[in-house]
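Student: This one is model.csv, CSV, N, CA and C atoms.
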```csv
chain,number,residue,atom,x,y,z
A,1,MET,N,0.8,-1.2,0.0
A,1,MET,CA,0.0,0.0,0.0
A,1,MET,C,0.9,1.3,0.0
A,2,ASN,N,2.0,1.2,0.6
A,2,ASN,CA,2.9,2.3,0.7
A,2,ASN,C,3.3,2.8,-0.7
A,3,SER,N,3.7,1.8,-1.6
A,3,SER,CA,4.1,2.1,-2.9
A,3,SER,C,3.0,2.7,-3.7
A,4,LEU,N,1.7,2.3,-3.5
A,4,LEU,CA,0.6,2.9,-4.2
A,4,LEU,C,0.4,4.4,-3.8
A,5,GLY,N,0.6,4.7,-2.5
A,5,GLY,CA,0.5,6.0,-2.0
A,5,GLY,C,1.6,6.9,-2.6
A,6,LEU,N,2.8,6.4,-2.7
A,6,LEU,CA,3.9,7.1,-3.3
A,6,LEU,C,3.6,7.4,-4.8
A,7,TRP,N,3.1,6.4,-5.5
A,7,TRP,CA,2.8,6.5,-6.9
A,7,TRP,C,1.7,7.6,-7.1
A,8,LEU,N,0.7,7.6,-6.3
A,8,LEU,CA,-0.4,8.6,-6.4
A,8,LEU,C,0.1,10.0,-6.1
A,9,ARG,N,1.0,10.1,-5.1
A,9,ARG,CA,1.6,11.5,-4.8
A,9,ARG,C,2.5,11.9,-6.0
A,10,GLY,N,3.2,11.0,-6.6
A,10,GLY,CA,4.0,11.3,-7.8
A,10,GLY,C,3.1,11.7,-9.0
A,11,LEU,N,2.0,11.0,-9.1
A,11,LEU,CA,1.0,11.4,-10.2
A,11,LEU,C,0.4,12.8,-10.0
A,12,ALA,N,0.0,13.1,-8.8
A,12,ALA,CA,-0.5,14.4,-8.5
A,12,ALA,C,0.5,15.5,-8.7
A,13,ALA,N,1.8,15.2,-8.3
A,13,ALA,CA,2.8,16.2,-8.5
A,13,ALA,C,3.1,16.4,-9.9
A,14,ALA,N,3.1,15.4,-10.7
A,14,ALA,CA,3.3,15.6,-12.2
A,14,ALA,C,2.2,16.4,-12.8
A,15,VAL,N,0.9,16.1,-12.5
A,15,VAL,CA,-0.2,16.9,-13.1
A,15,VAL,C,-0.2,18.3,-12.6
A,16,ILE,N,0.0,18.6,-11.3
A,16,ILE,CA,0.1,19.9,-10.8
A,16,ILE,C,1.2,20.7,-11.4
A,17,GLY,N,2.4,20.0,-11.4
A,17,GLY,CA,3.6,20.7,-11.9
A,17,GLY,C,3.5,21.0,-13.4
A,18,GLY,N,2.9,20.1,-14.2
A,18,GLY,CA,2.7,20.4,-15.6
A,18,GLY,C,1.7,21.6,-15.8
A,19,ALA,N,0.6,21.6,-15.0
A,19,ALA,CA,-0.3,22.7,-15.2
A,19,ALA,C,0.3,24.0,-14.8
A,20,ILE,N,1.0,24.1,-13.7
A,20,ILE,CA,1.7,25.3,-13.3
A,20,ILE,C,2.7,25.8,-14.3
A,21,ALA,N,3.5,24.9,-14.8
A,21,ALA,CA,4.6,25.2,-15.7
A,21,ALA,C,4.0,25.7,-17.0
A,22,SER,N,3.0,25.1,-17.5
A,22,SER,CA,2.4,25.5,-18.8
A,22,SER,C,1.7,26.9,-18.6
A,23,ALA,N,1.0,27.1,-17.5
A,23,ALA,CA,0.3,28.4,-17.3
A,23,ALA,C,1.4,29.5,-17.2
A,24,ALA,N,2.4,29.2,-16.5
A,24,ALA,CA,3.5,30.2,-16.3
A,24,ALA,C,4.2,30.5,-17.6
A,25,GLN,N,4.4,29.5,-18.4
A,25,GLN,CA,5.0,29.8,-19.8
A,25,GLN,C,4.0,30.6,-20.6
A,26,ALA,N,2.7,30.3,-20.6
A,26,ALA,CA,1.8,31.1,-21.4
A,26,ALA,C,1.7,32.6,-20.9
A,27,ALA,N,1.8,32.8,-19.6
A,27,ALA,CA,1.8,34.1,-19.0
A,27,ALA,C,3.1,34.9,-19.4
A,28,ALA,N,4.2,34.2,-19.4
A,28,ALA,CA,5.5,34.8,-19.8
A,28,ALA,C,5.5,35.3,-21.2
A,29,VAL,N,4.8,34.6,-22.1
A,29,VAL,CA,4.7,35.0,-23.5
A,29,VAL,C,3.8,36.2,-23.6
A,30,GLY,N,2.9,36.4,-22.7
A,30,GLY,CA,2.0,37.5,-22.7
A,30,GLY,C,0.6,37.2,-22.9
A,31,SER,N,0.3,35.9,-22.9
A,31,SER,CA,-1.1,35.4,-23.0
A,31,SER,C,-1.7,35.3,-21.6
A,32,ILE,N,-2.2,36.4,-21.1
A,32,ILE,CA,-2.7,36.4,-19.7
A,32,ILE,C,-4.2,36.4,-19.7
A,33,GLN,N,-4.9,36.1,-20.7
A,33,GLN,CA,-6.3,35.9,-20.7
A,33,GLN,C,-6.7,34.6,-19.9
A,34,PRO,N,-7.7,34.7,-19.1
A,34,PRO,CA,-8.0,33.5,-18.3
A,34,PRO,C,-8.3,32.2,-19.1
A,35,ALA,N,-8.9,32.4,-20.3
A,35,ALA,CA,-9.2,31.2,-21.1
A,35,ALA,C,-7.9,30.6,-21.7
A,36,ASN,N,-7.0,31.5,-22.0
A,36,ASN,CA,-5.7,31.0,-22.5
A,36,ASN,C,-4.9,30.3,-21.4
A,37,LEU,N,-4.9,30.9,-20.2
A,37,LEU,CA,-4.1,30.3,-19.1
A,37,LEU,C,-4.8,28.9,-18.7
A,38,LYS,N,-6.1,28.8,-18.8
A,38,LYS,CA,-6.8,27.6,-18.5
A,38,LYS,C,-6.4,26.5,-19.5
A,39,THR,N,-6.5,26.9,-20.8
A,39,THR,CA,-6.1,25.9,-21.8
A,39,THR,C,-4.7,25.5,-21.7
A,40,ALA,N,-3.8,26.4,-21.4
A,40,ALA,CA,-2.4,26.0,-21.2
A,40,ALA,C,-2.2,25.1,-20.0
A,41,ALA,N,-2.9,25.4,-19.0
A,41,ALA,CA,-2.8,24.5,-17.7
A,41,ALA,C,-3.3,23.1,-18.0
A,42,LEU,N,-4.5,23.0,-18.7
A,42,LEU,CA,-5.1,21.7,-19.0
A,42,LEU,C,-4.2,20.9,-19.9
A,43,THR,N,-3.6,21.6,-20.9
A,43,THR,CA,-2.7,20.9,-21.9
A,43,THR,C,-1.5,20.4,-21.2
A,44,GLY,N,-0.9,21.3,-20.3
A,44,GLY,CA,0.3,20.9,-19.6
A,44,GLY,C,0.1,19.7,-18.7
A,45,ALA,N,-1.1,19.7,-18.0
A,45,ALA,CA,-1.4,18.6,-17.1
A,45,ALA,C,-1.6,17.3,-17.9
A,46,ALA,N,-2.3,17.4,-19.0
A,46,ALA,CA,-2.5,16.2,-19.8
A,46,ALA,C,-1.2,15.6,-20.3
A,47,LEU,N,-0.3,16.5,-20.8
A,47,LEU,CA,1.0,16.0,-21.3
A,47,LEU,C,1.8,15.4,-20.2
A,48,THR,N,1.9,16.0,-19.1
A,48,THR,CA,2.7,15.4,-18.0
A,48,THR,C,2.0,14.1,-17.4
A,49,LEU,N,0.7,14.1,-17.4
A,49,LEU,CA,0.0,12.9,-17.0
A,49,LEU,C,0.4,11.7,-18.0
A,50,GLY,N,0.4,12.0,-19.3
A,50,GLY,CA,0.7,11.0,-20.2
A,50,GLY,C,2.2,10.5,-20.1
A,51,ALA,N,3.1,11.5,-19.9
A,51,ALA,CA,4.5,11.1,-19.7
A,51,ALA,C,4.7,10.3,-18.4
A,52,TYR,N,4.0,10.7,-17.3
A,52,TYR,CA,4.1,10.0,-16.1
A,52,TYR,C,3.6,8.5,-16.2
A,53,LEU,N,2.5,8.4,-16.9
A,53,LEU,CA,1.9,7.0,-17.0
A,53,LEU,C,2.7,6.2,-17.9
A,54,THR,N,3.4,6.8,-18.9
A,54,THR,CA,4.3,6.0,-19.8
A,54,THR,C,5.5,5.5,-19.1
A,55,GLN,N,6.0,6.2,-18.1
A,55,GLN,CA,7.2,5.8,-17.3
A,55,GLN,C,6.8,5.1,-16.0
A,56,SER,N,5.5,4.9,-15.8
A,56,SER,CA,5.0,4.3,-14.5
A,56,SER,C,5.4,2.9,-14.4
A,57,PRO,N,5.9,2.5,-13.2
A,57,PRO,CA,6.2,1.1,-13.0
A,57,PRO,C,5.0,0.2,-12.6
A,58,VAL,N,3.8,0.7,-12.6
A,58,VAL,CA,2.7,0.0,-12.1
A,58,VAL,C,2.3,-1.2,-13.0
A,59,GLY,N,2.3,-1.0,-14.3
A,59,GLY,CA,2.0,-2.0,-15.2
A,59,GLY,C,3.0,-3.1,-15.4
A,60,SER,N,4.2,-2.9,-14.9
A,60,SER,CA,5.3,-3.8,-15.2
A,60,SER,C,5.4,-4.9,-14.1
A,61,LYS,N,4.6,-4.9,-13.1
A,61,LYS,CA,4.7,-5.9,-12.0
A,61,LYS,C,3.7,-7.0,-12.2
```
Translate the structure described by the file into structure tokens.
Tutor:
Amino acid sequence: MNSLGLWLRGLAAAVIGGAIASAAQAAAVGSIQPANLKTAALTGAALTLGAYLTQSPVGSK
């Protein structure tokens, strides 16, 4: 159970980090409209989620 909790924390960190990084990048470019920031955050979260699941050790056991 401990490894599942660690995996879930890593998953959450990847999604949150991707959302924050993408929104910050969009804001740095000058796209500070709420709709643009929301789209960037969702896209970043989806991309990091996919990358995390690709490298996840869960399916290999």
Student: For A:Tyr52, which residue out of A:Ala24, A:Ala14, A:Ala35, A:Ala19 is the nearest one, using all atoms listed in the file?
Tutor: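 Checking each of A:Ala24, A:Ala14, A:Ala35, A:Ala19 against A:Tyr52, counting all atoms listed in the file, the winner is A:Ala14.
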Student: Using all atoms listed in the file, determine which residues lie at most 6 Å from A:Ala45, disregarding the query and same-chain residues fewer than 4 positions distant; provide the list as a ChimeraX atom specification.
Tutor: /A:15-16,18-19,40-41,49-50
Student: Using N, CA and C atoms, can you export the residues from the last selection as an mmCIF file, in the frame of the given file?
Tutor:
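This is the output file selection_11.cif:
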```
data_model
loop_
_atom_site.group_PDB
_atom_site.id
_atom_site.type_symbol
_atom_site.label_atom_id
_atom_site.label_comp_id
_atom_site.auth_asym_id
_atom_site.auth_seq_id
_atom_site.Cartn_x
_atom_site.Cartn_y
_atom_site.Cartn_z
ATOM 1 N N VAL A 15 0.900 16.100 -12.500
ATOM 2 C CA VAL A 15 -0.200 16.900 -13.100
ATOM 3 C C VAL A 15 -0.200 18.300 -12.600
ATOM 4 N N ILE A 16 0.000 18.600 -11.300
ATOM 5 C CA ILE A 16 0.100 19.900 -10.800
ATOM 6 C C ILE A 16 1.200 20.700 -11.400
ATOM 7 N N GLY A 18 2.900 20.100 -14.200
ATOM 8 C CA GLY A 18 2.700 20.400 -15.600
ATOM 9 C C GLY A 18 1.700 21.600 -15.800
ATOM 10 N N ALA A 19 0.600 21.600 -15.000
ATOM 11 C CA ALA A 19 -0.300 22.700 -15.200
ATOM 12 C C ALA A 19 0.300 24.000 -14.800
ATOM 13 N N ALA A 40 -3.800 26.400 -21.400
ATOM 14 C CA ALA A 40 -2.400 26.000 -21.200
ATOM 15 C C ALA A 40 -2.200 25.100 -20.000
ATOM 16 N N ALA A 41 -2.900 25.400 -19.000
ATOM 17 C CA ALA A 41 -2.800 24.500 -17.700
ATOM 18 C C ALA A 41 -3.300 23.100 -18.000
ATOM 19 N N LEU A 49 0.700 14.100 -17.400
ATOM 20 C CA LEU A 49 0.000 12.900 -17.000
ATOM 21 C C LEU A 49 0.400 11.700 -18.000
ATOM 22 N N GLY A 50 0.400 12.000 -19.300
ATOM 23 C CA GLY A 50 0.700 11.000 -20.200
ATOM 24 C C GLY A 50 2.200 10.500 -20.100
#
```
Student: With only C-alpha atoms as the basis for distance, which of A:Leu11, A:Ala28, A:Ala23, A:Leu6 is at the shortest distance from A:Thr48?
Tutor: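 The shortest atom-to-atom distance to A:Thr48 comes from A:Leu11.
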Student: To one decimal in Å, tell me the separation between atom C of A:Thr39 and atom C of A:Ser22.
Tutor: 7.2 Å
Student: Atom N of A:Gly10 and atom CA of A:Thr54 are how many Å apart?
Tutor: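 Spanning atom N of A:Gly10 to atom CA of A:Thr54 is a straight-line distance of 14.2 Å.
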Student: What is the distance between atom CA of A:Ala27 and atom N of A:Ser56, in Å to one decimal?
Tutor: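 It comes out at 29.6 Å.
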